[in-house]
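Participant: Provided herewith: my_file.txt, compact mmCIF, C-alpha atoms.
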```txt
# COMPACT_ATOMS: atom_id res chain seq x y z
CA MET A 254 -66.21 -15.92 -135.24
CA LYS A 255 -64.09 -14.10 -137.73
CA LYS A 256 -60.54 -15.19 -138.43
CA GLU A 257 -59.15 -11.75 -137.40
CA ASN A 258 -60.89 -12.00 -134.05
CA ILE A 259 -59.35 -15.41 -133.34
CA ILE A 260 -55.87 -14.09 -134.22
CA ALA A 261 -56.43 -11.04 -132.00
CA ILE A 262 -57.50 -13.26 -129.07
CA ILE A 263 -54.46 -15.51 -129.48
CA LEU A 264 -52.07 -12.55 -129.77
CA GLY A 265 -53.69 -10.89 -126.74
CA PHE A 266 -53.29 -14.09 -124.72
CA VAL A 267 -49.64 -14.50 -125.74
CA PHE A 268 -48.76 -10.86 -124.98
CA GLY A 269 -50.67 -11.05 -121.69
CA LEU A 270 -48.74 -14.17 -120.72
CA ILE A 271 -45.42 -12.57 -121.62
CA PHE A 272 -46.34 -9.43 -119.67
CA ALA A 273 -47.40 -11.50 -116.65
CA ILE A 274 -44.14 -13.47 -116.74
CA PHE A 275 -42.12 -10.24 -116.94
CA ILE A 276 -44.02 -8.72 -114.04
CA LEU A 277 -43.65 -11.79 -111.85
CA PHE A 278 -39.97 -12.22 -112.69
CA GLY A 279 -39.28 -8.51 -112.09
CA LEU A 280 -41.03 -8.58 -108.71
CA SER A 281 -39.12 -11.61 -107.54
CA GLN A 282 -35.80 -9.96 -108.57
CA ILE A 283 -36.68 -6.80 -106.65
CA GLN A 284 -37.56 -8.89 -103.58
CA LEU A 285 -34.26 -10.80 -103.83
CA LYS A 286 -32.31 -7.54 -104.06
CA LYS A 287 -34.15 -6.25 -101.01
CA GLU A 288 -33.29 -9.40 -99.10
CA LYS A 289 -29.65 -9.08 -100.14
CA ILE A 290 -29.61 -5.50 -98.96
CA LEU A 291 -31.15 -6.61 -95.68
CA VAL A 292 -28.53 -9.29 -95.25
CA SER A 293 -25.70 -6.93 -96.11
CA GLU A 294 -27.11 -4.32 -93.81
CA LYS A 295 -26.82 -6.74 -90.88
CA LYS A 296 -24.06 -5.55 -88.60
CA THR A 297 -20.96 -7.66 -88.71
CA ILE A 298 -20.22 -8.97 -85.26
CA THR A 299 -16.51 -8.86 -84.73
CA ILE A 300 -15.05 -10.74 -81.80
CA SER A 301 -12.58 -8.38 -80.31
CA PRO A 302 -9.43 -10.08 -79.09
CA ILE A 303 -9.27 -10.64 -75.37
CA LYS A 304 -7.31 -7.90 -73.82
CA LYS A 305 -3.85 -9.31 -73.27
CA ASN A 306 -3.21 -9.78 -69.64
CA ASN A 307 0.11 -8.85 -68.22
CA LEU A 308 0.50 -12.45 -67.03
CA ASP A 309 3.14 -14.52 -68.79
CA LEU A 310 3.88 -18.09 -67.98
CA LEU A 311 7.15 -19.00 -66.35
CA ILE A 312 9.15 -20.72 -69.08
CA ILE A 313 12.64 -22.16 -68.84
CA ASP A 314 14.23 -22.22 -72.29
CA SER A 315 17.49 -23.79 -71.21
CA PRO A 316 18.89 -26.00 -69.84
CA LYS A 317 16.63 -28.98 -70.50
CA ASN A 318 15.48 -30.89 -67.47
CA ASN A 319 17.30 -34.12 -66.47
CA ILE A 320 20.40 -33.41 -68.54
CA ILE A 321 23.93 -34.57 -67.77
CA VAL A 322 26.56 -31.84 -67.92
CA ASN A 323 30.32 -31.85 -67.49
CA TYR A 324 30.79 -28.31 -66.19
CA SER A 325 30.21 -26.93 -62.73
CA GLN A 326 28.07 -23.98 -63.82
CA ILE A 327 25.06 -23.62 -66.05
CA ASN A 328 23.38 -20.69 -67.69
CA ILE A 329 19.65 -20.62 -67.04
CA LYS A 330 17.54 -18.80 -69.63
CA GLY A 331 13.81 -18.24 -69.51
CA SER A 332 10.95 -15.80 -69.32
CA ALA A 333 8.27 -14.74 -66.85
CA SER A 334 5.91 -11.85 -66.18
CA LYS A 335 7.56 -8.48 -66.22
CA ASP A 336 8.36 -7.16 -62.74
CA SER A 337 7.69 -10.52 -61.09
CA LEU A 338 10.01 -11.59 -58.29
CA ILE A 339 12.12 -14.58 -59.29
CA VAL A 340 13.50 -16.73 -56.48
CA VAL A 341 15.99 -19.45 -57.43
CA GLN A 342 17.09 -21.95 -54.83
CA SER A 343 19.27 -25.03 -54.75
CA PRO A 344 21.20 -26.70 -51.91
CA ILE A 345 24.25 -24.54 -52.70
CA LYS A 346 22.92 -21.21 -53.95
CA ASP A 347 20.06 -18.74 -53.38
CA LEU A 348 19.12 -15.97 -55.74
CA ALA A 349 16.31 -13.39 -55.81
CA PHE A 350 15.76 -10.67 -58.37
CA GLN A 351 13.05 -8.63 -60.00
CA ASN A 352 12.38 -9.62 -63.59
CA LYS A 353 12.79 -6.19 -65.18
CA ASP A 354 12.31 -7.46 -68.71
CA LYS A 355 10.24 -10.44 -69.74
CA LYS A 356 13.33 -12.55 -70.45
CA PHE A 357 15.96 -13.46 -67.90
CA LYS A 358 19.26 -15.30 -67.86
CA PHE A 359 21.81 -15.98 -65.16
CA ASP A 360 24.66 -18.32 -64.29
CA PHE A 361 24.10 -20.86 -61.55
CA PRO A 362 26.67 -23.15 -59.85
CA LEU A 363 26.36 -26.92 -59.68
CA VAL A 364 27.64 -29.57 -57.31
CA LEU A 365 28.73 -33.06 -58.22
CA GLY A 366 25.76 -35.38 -58.72
CA GLU A 367 22.13 -34.35 -58.71
CA ASN A 368 21.25 -30.65 -58.56
CA VAL A 369 17.67 -29.74 -57.65
CA ILE A 370 17.04 -26.15 -58.71
CA LYS A 371 13.68 -24.59 -57.88
CA ILE A 372 12.68 -21.45 -59.78
CA VAL A 373 9.63 -19.62 -58.44
CA ALA A 374 8.00 -16.58 -60.05
CA TYR A 375 5.98 -14.40 -57.68
CA PRO A 376 3.87 -12.02 -59.76
CA LYS A 377 3.74 -8.37 -58.83
CA VAL A 378 -0.03 -8.59 -58.43
CA SER A 379 -0.93 -10.79 -55.47
CA ASN A 380 -4.12 -12.23 -56.98
CA ILE A 381 -2.20 -13.91 -59.80
CA LYS A 382 -1.04 -17.43 -59.21
CA ILE A 383 2.54 -18.17 -58.19
CA GLN A 384 4.39 -20.29 -60.76
CA GLU A 385 7.29 -22.66 -60.27
CA LYS A 386 9.62 -24.95 -62.20
CA THR A 387 12.03 -27.54 -60.84
CA LEU A 388 15.14 -28.49 -62.75
CA PHE A 389 17.09 -31.69 -62.16
CA ILE A 390 20.59 -31.23 -63.56
CA TYR A 391 23.24 -33.95 -63.24
CA TYR A 392 26.82 -32.80 -63.03
CA LEU A 393 28.84 -35.94 -63.80
CA PRO A 394 32.15 -34.68 -65.22
CA ASP A 395 34.02 -37.96 -65.75
CA GLU A 396 31.05 -39.57 -67.35
CA ILE A 397 31.15 -37.38 -70.47
CA MET B 114 90.27 -66.45 -117.08
CA ILE B 115 86.92 -68.06 -117.69
CA PHE B 116 86.83 -69.12 -114.03
CA LYS B 117 87.28 -65.45 -112.99
CA LYS B 118 84.45 -64.33 -115.23
CA ILE B 119 82.20 -67.02 -113.83
CA LEU B 120 83.13 -65.94 -110.28
CA VAL B 121 82.34 -62.27 -111.02
CA ILE B 122 78.98 -63.25 -112.51
CA VAL B 123 78.18 -65.48 -109.48
CA ILE B 124 79.14 -62.71 -107.03
CA PHE B 125 77.06 -60.26 -109.01
CA PHE B 126 74.02 -62.55 -108.81
CA ILE B 127 74.56 -63.17 -105.09
CA PHE B 128 74.76 -59.41 -104.53
CA LEU B 129 71.63 -58.93 -106.66
CA GLY B 130 69.84 -61.58 -104.59
CA PHE B 131 70.78 -59.82 -101.35
CA LEU B 132 69.64 -56.50 -102.75
CA ILE B 133 66.25 -57.90 -103.84
CA ASN B 134 65.81 -59.59 -100.47
CA PHE B 135 66.67 -56.38 -98.63
CA ILE B 136 64.25 -54.29 -100.69
CA THR B 137 61.43 -56.85 -100.25
CA SER B 138 61.87 -57.10 -96.46
CA ALA B 139 62.05 -53.31 -96.18
CA GLN B 140 58.80 -53.03 -98.11
CA GLU B 141 57.15 -55.70 -95.93
CA LYS B 142 58.24 -53.89 -92.79
CA ASN B 143 56.88 -50.65 -94.16
CA THR B 144 53.57 -52.31 -95.06
CA THR B 145 53.26 -53.87 -91.57
CA PHE B 146 54.04 -50.53 -89.96
CA SER B 147 51.49 -48.64 -92.06
CA SER B 148 48.81 -51.30 -91.51
CA GLU B 149 49.49 -51.15 -87.73
CA LYS B 150 49.08 -47.40 -87.93
CA GLU B 151 45.81 -47.82 -89.86
CA VAL B 152 44.51 -50.29 -87.26
CA LYS B 153 45.38 -47.82 -84.50
CA ILE B 154 43.56 -44.99 -86.31
CA LEU B 155 40.57 -47.28 -86.86
CA LYS B 156 40.58 -48.28 -83.18
CA ASP B 157 40.70 -44.63 -82.12
CA LYS B 158 37.87 -43.79 -84.50
CA ILE B 159 35.72 -46.65 -83.14
CA ALA B 160 36.50 -45.64 -79.55
CA SER B 161 35.53 -42.01 -80.18
CA LYS B 162 32.35 -43.11 -82.00
CA VAL B 163 31.41 -45.40 -79.10
CA ALA B 164 32.06 -42.54 -76.66
CA GLU B 165 29.96 -40.22 -78.80
CA LEU B 166 27.10 -42.72 -78.98
CA ARG B 167 27.32 -43.30 -75.22
CA ARG B 168 27.25 -39.55 -74.67
CA GLU B 169 24.21 -39.17 -76.93
CA ASN B 170 22.26 -42.06 -75.45
CA ASN B 171 23.31 -41.74 -71.84
CA GLN B 172 20.64 -40.47 -69.53
CA ALA B 173 20.54 -39.77 -65.83
CA PHE B 174 17.95 -41.25 -63.49
CA SER B 175 17.59 -41.03 -59.75
CA GLY B 176 15.59 -42.72 -57.06
CA ARG B 177 15.60 -44.55 -53.78
CA ILE B 178 16.64 -48.21 -53.66
CA MET B 179 13.67 -50.49 -52.97
CA SER B 180 15.42 -53.83 -53.41
CA LEU B 181 18.83 -55.17 -54.37
CA SER B 182 19.91 -58.39 -56.00
CA GLU B 183 23.11 -59.54 -57.68
CA ASN B 184 22.33 -58.28 -61.15
CA GLN B 185 19.69 -55.68 -60.62
CA ILE B 186 18.33 -52.94 -58.37
CA GLU B 187 14.77 -51.73 -58.14
CA ILE B 188 14.36 -48.02 -57.46
CA LYS B 189 11.42 -45.71 -56.91
CA ASP B 190 11.86 -42.36 -58.67
CA LYS B 191 10.58 -38.92 -57.67
CA ASP B 192 7.20 -39.67 -59.26
CA ASP B 193 6.92 -42.91 -57.21
CA LYS B 194 7.49 -44.92 -60.38
CA LYS B 195 9.33 -48.22 -59.98
CA ILE B 196 12.32 -48.65 -62.33
CA LEU B 197 14.55 -51.68 -62.80
CA VAL B 198 18.29 -50.99 -62.97
CA LYS B 199 20.32 -53.69 -64.73
CA LEU B 200 23.88 -54.12 -63.49
CA ASP B 201 26.88 -55.42 -65.40
CA PRO B 202 29.51 -56.95 -63.05
CA THR B 203 32.34 -55.94 -65.37
CA LEU B 204 31.05 -52.60 -66.61
CA THR B 205 29.01 -50.92 -63.86
CA LYS B 206 31.00 -48.74 -61.49
CA TYR B 207 29.86 -47.43 -58.12
CA TYR B 208 30.69 -44.14 -56.39
CA GLN B 209 29.74 -42.30 -53.22
CA ILE B 210 29.32 -38.52 -53.51
CA LYS B 211 30.21 -36.60 -50.36
CA ASN B 212 31.20 -32.93 -49.98
CA ASN B 213 31.30 -32.43 -53.75
CA GLU B 214 33.79 -35.29 -54.20
CA LYS B 215 33.34 -38.82 -55.43
CA LYS B 216 34.87 -41.98 -54.00
CA GLU B 217 34.73 -45.38 -55.68
CA ILE B 218 32.77 -47.98 -53.73
CA ASN B 219 31.53 -51.52 -54.37
CA PHE B 220 28.14 -52.99 -55.04
CA SER B 221 28.24 -54.41 -51.49
CA ASN B 222 28.26 -50.83 -50.12
CA LEU B 223 24.80 -50.16 -51.54
CA LYS B 224 21.87 -50.68 -49.22
CA LYS B 225 18.11 -50.42 -49.26
CA ASN B 226 16.74 -46.87 -49.02
CA ASP B 227 19.94 -45.30 -50.40
CA TYR B 228 19.32 -42.48 -52.87
CA ILE B 229 21.19 -43.17 -56.10
CA VAL B 230 21.86 -41.38 -59.37
CA ILE B 231 22.23 -43.73 -62.32
CA SER B 232 23.94 -42.92 -65.57
CA GLY B 233 23.03 -45.36 -68.30
CA ILE B 234 20.80 -46.25 -71.20
CA MET B 235 17.07 -46.79 -70.87
CA THR B 236 15.77 -49.92 -72.58
CA ASP B 237 12.37 -51.63 -72.58
CA ASN B 238 13.48 -53.79 -69.66
CA GLY B 239 14.94 -51.01 -67.54
CA ILE B 240 18.13 -49.00 -67.28
CA ASN B 241 21.45 -50.54 -68.29
CA ALA B 242 23.62 -48.86 -65.67
CA ASN B 243 27.12 -47.66 -66.47
CA LEU B 244 27.69 -45.63 -63.33
CA ILE B 245 25.86 -45.49 -60.01
CA PHE B 246 26.37 -42.65 -57.54
CA VAL B 247 25.09 -42.75 -53.96
CA ASP B 248 24.00 -39.14 -53.44
CA ASP B 249 22.01 -36.92 -51.08
CA ASN B 250 18.39 -36.33 -51.91
CA TYR B 251 17.17 -32.79 -51.35
CA LEU B 252 13.74 -31.26 -51.03
CA VAL B 253 13.53 -27.71 -52.39
CA GLU B 254 10.06 -26.30 -51.79
CA PHE B 255 8.11 -23.21 -50.84
CA GLY B 256 4.81 -22.25 -49.28
CA ARG B 257 2.88 -19.78 -47.16
CA VAL B 258 3.39 -19.86 -43.39
CA ILE B 259 0.15 -20.93 -41.74
CA GLU B 260 1.37 -21.76 -38.23
CA ILE B 261 4.40 -20.90 -36.11
CA ASN B 262 5.50 -22.85 -33.03
CA LYS B 263 7.81 -20.57 -31.08
CA GLU B 264 8.51 -23.14 -28.36
CA ASN B 265 9.77 -25.88 -30.63
CA TYR B 266 10.99 -23.68 -33.47
CA TRP B 267 8.95 -25.09 -36.26
CA ILE B 268 6.75 -23.56 -38.92
CA LYS B 269 3.92 -25.12 -40.86
CA ILE B 270 3.73 -24.06 -44.48
CA ASN B 271 1.10 -24.61 -47.12
CA ASN B 272 2.14 -25.04 -50.71
CA THR B 273 -0.34 -22.87 -52.57
CA LEU B 274 0.05 -24.93 -55.74
CA THR B 275 -0.37 -28.44 -54.31
CA ASN B 276 -2.26 -27.43 -51.13
CA GLU B 277 0.08 -29.72 -49.21
CA ASN B 278 1.10 -28.83 -45.66
CA LEU B 279 4.67 -29.38 -44.46
CA ILE B 280 6.26 -28.81 -41.07
CA ILE B 281 9.81 -27.46 -41.11
CA ASP B 282 12.08 -27.42 -38.10
CA ILE B 283 14.31 -24.36 -37.92
CA GLU B 284 17.53 -25.81 -36.54
CA THR B 285 20.48 -23.99 -35.03
CA TYR B 286 22.37 -24.61 -38.27
CA THR B 287 19.55 -23.39 -40.53
CA LYS B 288 20.65 -20.43 -42.62
CA GLN B 289 17.83 -17.89 -42.57
CA TRP B 290 17.49 -15.16 -45.16
CA MET B 291 14.82 -12.52 -45.56
CA LEU B 292 14.05 -10.49 -48.66
CA ASN B 293 14.45 -6.77 -48.09
CA ILE B 294 11.35 -5.51 -49.89
CA LYS B 295 12.95 -2.14 -50.63
CA ASN B 296 16.12 -3.23 -52.42
CA LEU B 297 15.28 -6.94 -52.97
CA GLU B 298 18.52 -8.02 -51.30
CA LEU B 299 18.63 -11.18 -49.19
CA GLU B 300 19.55 -10.34 -45.61
CA LYS B 301 20.29 -12.55 -42.64
CA THR B 302 17.38 -12.88 -40.25
CA GLY B 303 16.10 -14.90 -37.30
CA PHE B 304 13.17 -17.12 -36.37
CA SER B 305 11.37 -14.33 -34.50
CA LYS B 306 10.96 -12.34 -37.74
CA ILE B 307 8.81 -15.00 -39.41
CA LYS B 308 5.10 -14.16 -39.49
CA GLU B 309 2.01 -16.07 -40.53
CA GLY B 310 1.24 -15.15 -44.13
CA ASP B 311 4.88 -14.84 -45.18
CA ILE B 312 6.21 -17.02 -47.98
CA VAL B 313 9.07 -19.37 -47.16
CA ASN B 314 11.35 -21.06 -49.71
CA PHE B 315 13.40 -23.80 -48.11
CA VAL B 316 15.97 -26.54 -48.72
CA SER B 317 16.08 -29.68 -46.61
CA LYS B 318 17.30 -33.28 -46.88
CA TYR B 319 14.44 -35.38 -48.28
CA GLU B 320 14.02 -37.37 -45.09
CA LYS B 321 12.04 -36.58 -41.97
CA ASN B 322 13.65 -36.26 -38.55
CA GLU B 323 12.53 -37.99 -35.33
CA SER B 324 9.74 -35.38 -34.95
CA ASP B 325 8.43 -36.36 -38.37
CA HIS B 326 9.39 -32.90 -39.65
CA PHE B 327 11.82 -31.72 -42.29
CA SER B 328 14.97 -30.07 -40.88
CA ALA B 329 15.61 -26.97 -42.96
CA GLN B 330 19.14 -26.36 -44.11
CA LYS B 331 18.24 -22.87 -45.27
CA ILE B 332 15.20 -20.71 -45.78
CA ILE B 333 14.35 -17.54 -47.68
CA ILE B 334 11.46 -15.53 -46.23
CA ILE B 335 9.46 -13.25 -48.48
CA PRO B 336 7.49 -10.95 -46.18
CA GLN B 337 3.79 -10.67 -46.99
CA GLU B 338 4.28 -6.89 -47.19
CA TYR B 339 6.09 -7.43 -50.50
CA PHE B 340 2.80 -8.46 -52.07
CA LEU B 341 0.91 -5.52 -50.56
CA LYS B 342 3.14 -2.87 -52.13
```
Re-express the file's structure as C-alpha cells.
Facilitator:
Amino acid sequence: MKKENIIAIILGFVFGLIFAIFILFGLSQIQLKKEKILVSEKKTITISPIKKNNLDLLIIDSPKNNIIVNYSQINIKGSASKDSLIVVQSPIKDLAFQNKDKKFKFDFPLVLGENVIKIVAYPKVSNIKIQEKTLFIYYLPDEI
Amino acid sequence: MIFKKILVIVIFFIFLGFLINFITSAQEKNTTFSSEKEVKILKDKIASKVAELRRENNQAFSGRIMSLSENQIEIKDKDDKKILVKLDPTLTKYYQIKNNEKKEINFSNLKKNDYIVISGIMTDNGINANLIFVDDNYLVEFGRVIEINKENYWIKINNTLTNENLIIDIETYTKQWMLNIKNLELEKTGFSKIKEGDIVNFVSKYEKNESDHFSAQKIIIIPQEYFLK
C-alpha cells in the first residue's frame, strides 16, 4: 500500500470519528432541550388558598384568666365572628349584644371574691359551632 | 495682776471646752437623727419592695375543702385536681365573704366542703396561703332545652359542647329573661315561654338541691327562632 493511501485512510478515520462525535453530541443536546421544554411546559399546579370562612374564633384578649384585681369593674376585650350574638353572664350581671365588628369591648362589674364570667358566642349561621370562654377573676381589694 | 491674767486664760479655756463639747454633741445628735431618717427610708423601701414582690407573685386559687389539719388544708379545684394549702399560724388570715362584704373569721370556722378562695404563692409543695376567703361557688352554664317538666318546673338542658345533660329547677326566685330577637334586648319572661330547642344560659349555686337538680338563680332564654332568621 502506498504511503499516501495510508495517510488518507488515517485522516478519513479521524475526520469520521470527529464527525460522529459531533453528531452524537448534537443529538443529545437537542434531546435535552426538548426534555427541558417538556418540563417547562408542564402546568404549574398552584394550591389556591382555602376560601376564608366567615368564622372567627372567640378570643378574649384581656383580662387574663385567674387574675387578682383591686377594682370592682373590669374591661373585657376580645374578638369573635362578625354579627354573632355575644351573651355574657355572671352571678351579678347579664349582657347580650350583636357583635357588629369583629372586635368587642365592654365594662363588667365584679363582686368581692371569685367572679365566674361566662362569655358565649352564638354564630349567626346555626350550623357553626357555639363557642364559649369562662373567666375566673378575683376581686380582692385589700390584698393588693 | 498675773493672777488675773491666769484667771482670764482659764475662763477662756473653760469656755472653749464648753463650746467644743456643745458643737460635738450637736453634731452627734444631727448624725443620729439623719441615720434614723435613713433607716426609716430604708425600711419603707424594703416594705414597698416586699409588697411589690408579693403583688407580683401572689396568685389566686379556689376549690372545695377535702380535709383540714392544723397546718394545712387539702382542696379539690375546678378541674378536680387536689392541691395542698400550707397555713402559717401567724401570717394566714381568714375571711367570710357574704353579700359583697368580708368578715374576719378564724381557722376553726372552716369546715369540710366549704368553697374557699386562696391568695398566696404556689410552691412545689403547694400553696403558701396569705389569705383565705370562704366564698360562694357558682355554676354559670348554657345548653339547649331538651325536656320541660311543667308540673315540677324543671328543664333539662344539653350542653352542645360537652354533651352533658343538666336539670335546672326554675324556682319562684329565679330571674327569667328572654332575648327579644328583633331588638336583642333582654326582657322579663316566664316558665311557660320556654320551648324545647331554645338555648338557656343560667347561673346557679354549684350544689344540687334535694331533688338532685341545680336551682337556677337566673336564666337567659335565646329562642330557637333567633337561629332561624
Participant: Chain B near chain A within 9 Å: what's each residue's closest atom pair and its distance in Å to one decimal, counting only C-alpha atoms, ordered by chain then ascending residue number, as a Markdown table?
Facilitator:
```
| residue | atom | partner | partner_atom | distance |
| --- | --- | --- | --- | --- |
| B:Ala164 | CA | A:Ile397 | CA | 8.1 |
| B:Glu165 | CA | A:Ile397 | CA | 8.9 |
| B:Arg167 | CA | A:Ile397 | CA | 8.5 |
| B:Arg168 | CA | A:Ile397 | CA | 6.1 |
| B:Asn171 | CA | A:Ile321 | CA | 8.3 |
| B:Gln172 | CA | A:Ile321 | CA | 7.0 |
| B:Ala173 | CA | A:Ile321 | CA | 6.5 |
| B:Phe174 | CA | A:Asn319 | CA | 7.8 |
| B:Ser175 | CA | A:Glu367 | CA | 8.1 |
| B:Ile210 | CA | A:Gly366 | CA | 7.0 |
| B:Lys211 | CA | A:Leu365 | CA | 8.7 |
| B:Asn212 | CA | A:Leu365 | CA | 8.6 |
| B:Asn213 | CA | A:Leu365 | CA | 5.2 |
| B:Glu214 | CA | A:Leu365 | CA | 6.8 |
| B:Lys215 | CA | A:Leu365 | CA | 7.9 |
| B:Val230 | CA | A:Glu367 | CA | 7.1 |
| B:Ser232 | CA | A:Glu396 | CA | 8.1 |
| B:Leu244 | CA | A:Glu396 | CA | 8.0 |
| B:Phe246 | CA | A:Gly366 | CA | 7.4 |
| B:Val247 | CA | A:Gly366 | CA | 8.8 |
| B:Asp248 | CA | A:Gly366 | CA | 6.7 |
| B:Asp249 | CA | A:Glu367 | CA | 8.1 |
| B:Asn250 | CA | A:Glu367 | CA | 8.0 |
| B:Tyr251 | CA | A:Val369 | CA | 7.0 |
| B:Leu252 | CA | A:Val369 | CA | 7.8 |
| B:Val253 | CA | A:Lys371 | CA | 6.3 |
| B:Glu254 | CA | A:Lys371 | CA | 7.3 |
| B:Phe255 | CA | A:Val373 | CA | 8.5 |
| B:Thr273 | CA | A:Ile383 | CA | 7.9 |
| B:Leu274 | CA | A:Ile383 | CA | 7.6 |
| B:Leu292 | CA | A:Ala349 | CA | 8.0 |
| B:Leu297 | CA | A:Phe350 | CA | 6.6 |
| B:Glu298 | CA | A:Ala349 | CA | 7.4 |
| B:Leu299 | CA | A:Ala349 | CA | 7.4 |
| B:Asn314 | CA | A:Gln342 | CA | 7.7 |
| B:Phe315 | CA | A:Gln342 | CA | 7.9 |
| B:Val316 | CA | A:Pro344 | CA | 6.1 |
| B:Ser317 | CA | A:Pro344 | CA | 7.9 |
| B:Gln330 | CA | A:Pro344 | CA | 8.1 |
| B:Lys331 | CA | A:Pro344 | CA | 8.2 |
| B:Ile333 | CA | A:Asp347 | CA | 8.2 |
| B:Tyr339 | CA | A:Lys377 | CA | 8.7 |
| B:Phe340 | CA | A:Ser379 | CA | 5.6 |
| B:Leu341 | CA | A:Ser379 | CA | 7.4 |
| B:Lys342 | CA | A:Lys377 | CA | 8.7 |
```
Participant: Distance cut-off 10 Å, centre (9.3, -32.1, -34.6) in file coordinates, counting only C-alpha atoms: which residues qualify? Return them as a PDB file with C-alpha atoms, in the coordinates of the input.
Facilitator:
```
ATOM      1  CA  ASN B 265       9.770 -25.880 -30.630  1.00  0.00           C
ATOM      2  CA  TYR B 266      10.990 -23.680 -33.470  1.00  0.00           C
ATOM      3  CA  TRP B 267       8.950 -25.090 -36.260  1.00  0.00           C
ATOM      4  CA  ILE B 268       6.750 -23.560 -38.920  1.00  0.00           C
ATOM      5  CA  ILE B 280       6.260 -28.810 -41.070  1.00  0.00           C
ATOM      6  CA  ILE B 281       9.810 -27.460 -41.110  1.00  0.00           C
ATOM      7  CA  ASP B 282      12.080 -27.420 -38.100  1.00  0.00           C
ATOM      8  CA  ILE B 283      14.310 -24.360 -37.920  1.00  0.00           C
ATOM      9  CA  LYS B 321      12.040 -36.580 -41.970  1.00  0.00           C
ATOM     10  CA  ASN B 322      13.650 -36.260 -38.550  1.00  0.00           C
ATOM     11  CA  GLU B 323      12.530 -37.990 -35.330  1.00  0.00           C
ATOM     12  CA  SER B 324       9.740 -35.380 -34.950  1.00  0.00           C
ATOM     13  CA  ASP B 325       8.430 -36.360 -38.370  1.00  0.00           C
ATOM     14  CA  HIS B 326       9.390 -32.900 -39.650  1.00  0.00           C
ATOM     15  CA  PHE B 327      11.820 -31.720 -42.290  1.00  0.00           C
ATOM     16  CA  SER B 328      14.970 -30.070 -40.880  1.00  0.00           C
TER      17      SER B 328
END
```
Participant: Restricting the calculation to only C-alpha atoms: of A:Lys317, A:Lys355, A:Lys256, A:Lys386, which residue gets closest to Ser334 of chain A?
Facilitator: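 Checking each of A:Lys317, A:Lys355, A:Lys256, A:Lys386 against Ser334 of chain A, counting only C-alpha atoms, the winner is A:Lys355.
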Participant: Between atom CA of Arg257 of chain B and atom CA of Ile270 of chain B, what is the spacing in Å?
Facilitator: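 Interatomic distance here is 5.1 Å.
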Participant: Using atom CA of Phe220 of chain B and atom CA of Ile188 of chain B as the two end points, give the distance in Å to one decimal.
Facilitator: 14.8 Å
Participant: In Å, how far is it from atom CA of Ile334 of chain B to atom CA of Ile327 of chain A?
Facilitator: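 Result for atom CA of Ile334 of chain B versus atom CA of Ile327 of chain A: 25.4 Å, one decimal.
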Participant: Please complete segment 311-325 of chain A with N, CA and C atoms and give it back as an mmCIF file, keeping the file's coordinate frame.
Facilitator:
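So selection06.cif came out as:
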```cif
data_model
loop_
_atom_site.group_PDB
_atom_site.id
_atom_site.type_symbol
_atom_site.label_atom_id
_atom_site.label_comp_id
_atom_site.auth_asym_id
_atom_site.auth_seq_id
_atom_site.Cartn_x
_atom_site.Cartn_y
_atom_site.Cartn_z
ATOM 1 N N LEU A 311 5.734 -18.790 -66.636
ATOM 2 C CA LEU A 311 7.150 -19.000 -66.350
ATOM 3 C C LEU A 311 7.655 -20.102 -67.275
ATOM 4 N N ILE A 312 8.593 -19.747 -68.120
ATOM 5 C CA ILE A 312 9.150 -20.720 -69.080
ATOM 6 C C ILE A 312 10.665 -20.782 -68.921
ATOM 7 N N ILE A 313 11.189 -21.991 -68.869
ATOM 8 C CA ILE A 313 12.640 -22.160 -68.840
ATOM 9 C C ILE A 313 13.056 -22.676 -70.213
ATOM 10 N N ASP A 314 13.792 -21.843 -70.945
ATOM 11 C CA ASP A 314 14.230 -22.220 -72.290
ATOM 12 C C ASP A 314 15.419 -23.172 -72.254
ATOM 13 N N SER A 315 16.321 -22.905 -71.355
ATOM 14 C CA SER A 315 17.490 -23.790 -71.210
ATOM 15 C C SER A 315 18.026 -23.671 -69.789
ATOM 16 N N PRO A 316 18.635 -24.685 -69.239
ATOM 17 C CA PRO A 316 18.890 -26.000 -69.840
ATOM 18 C C PRO A 316 17.642 -26.882 -69.808
ATOM 19 N N LYS A 317 17.719 -28.001 -70.536
ATOM 20 C CA LYS A 317 16.630 -28.980 -70.500
ATOM 21 C C LYS A 317 16.680 -29.698 -69.160
ATOM 22 N N ASN A 318 15.539 -30.160 -68.743
ATOM 23 C CA ASN A 318 15.480 -30.890 -67.470
ATOM 24 C C ASN A 318 16.137 -32.277 -67.623
ATOM 25 N N ASN A 319 16.687 -32.767 -66.537
ATOM 26 C CA ASN A 319 17.300 -34.120 -66.470
ATOM 27 C C ASN A 319 18.518 -34.306 -67.372
ATOM 28 N N ILE A 320 19.220 -33.233 -67.680
ATOM 29 C CA ILE A 320 20.400 -33.410 -68.540
ATOM 30 C C ILE A 320 21.660 -33.695 -67.712
ATOM 31 N N ILE A 321 22.633 -34.330 -68.387
ATOM 32 C CA ILE A 321 23.930 -34.570 -67.770
ATOM 33 C C ILE A 321 24.877 -33.508 -68.323
ATOM 34 N N VAL A 322 25.593 -32.834 -67.446
ATOM 35 C CA VAL A 322 26.560 -31.840 -67.920
ATOM 36 C C VAL A 322 27.941 -32.150 -67.336
ATOM 37 N N ASN A 323 28.962 -31.610 -67.980
ATOM 38 C CA ASN A 323 30.320 -31.850 -67.490
ATOM 39 C C ASN A 323 31.013 -30.570 -67.070
ATOM 40 N N TYR A 324 30.216 -29.570 -66.686
ATOM 41 C CA TYR A 324 30.790 -28.310 -66.190
ATOM 42 C C TYR A 324 30.039 -27.923 -64.907
ATOM 43 N N SER A 325 30.750 -27.192 -64.063
ATOM 44 C CA SER A 325 30.210 -26.930 -62.730
ATOM 45 C C SER A 325 29.339 -25.664 -62.657
#
```
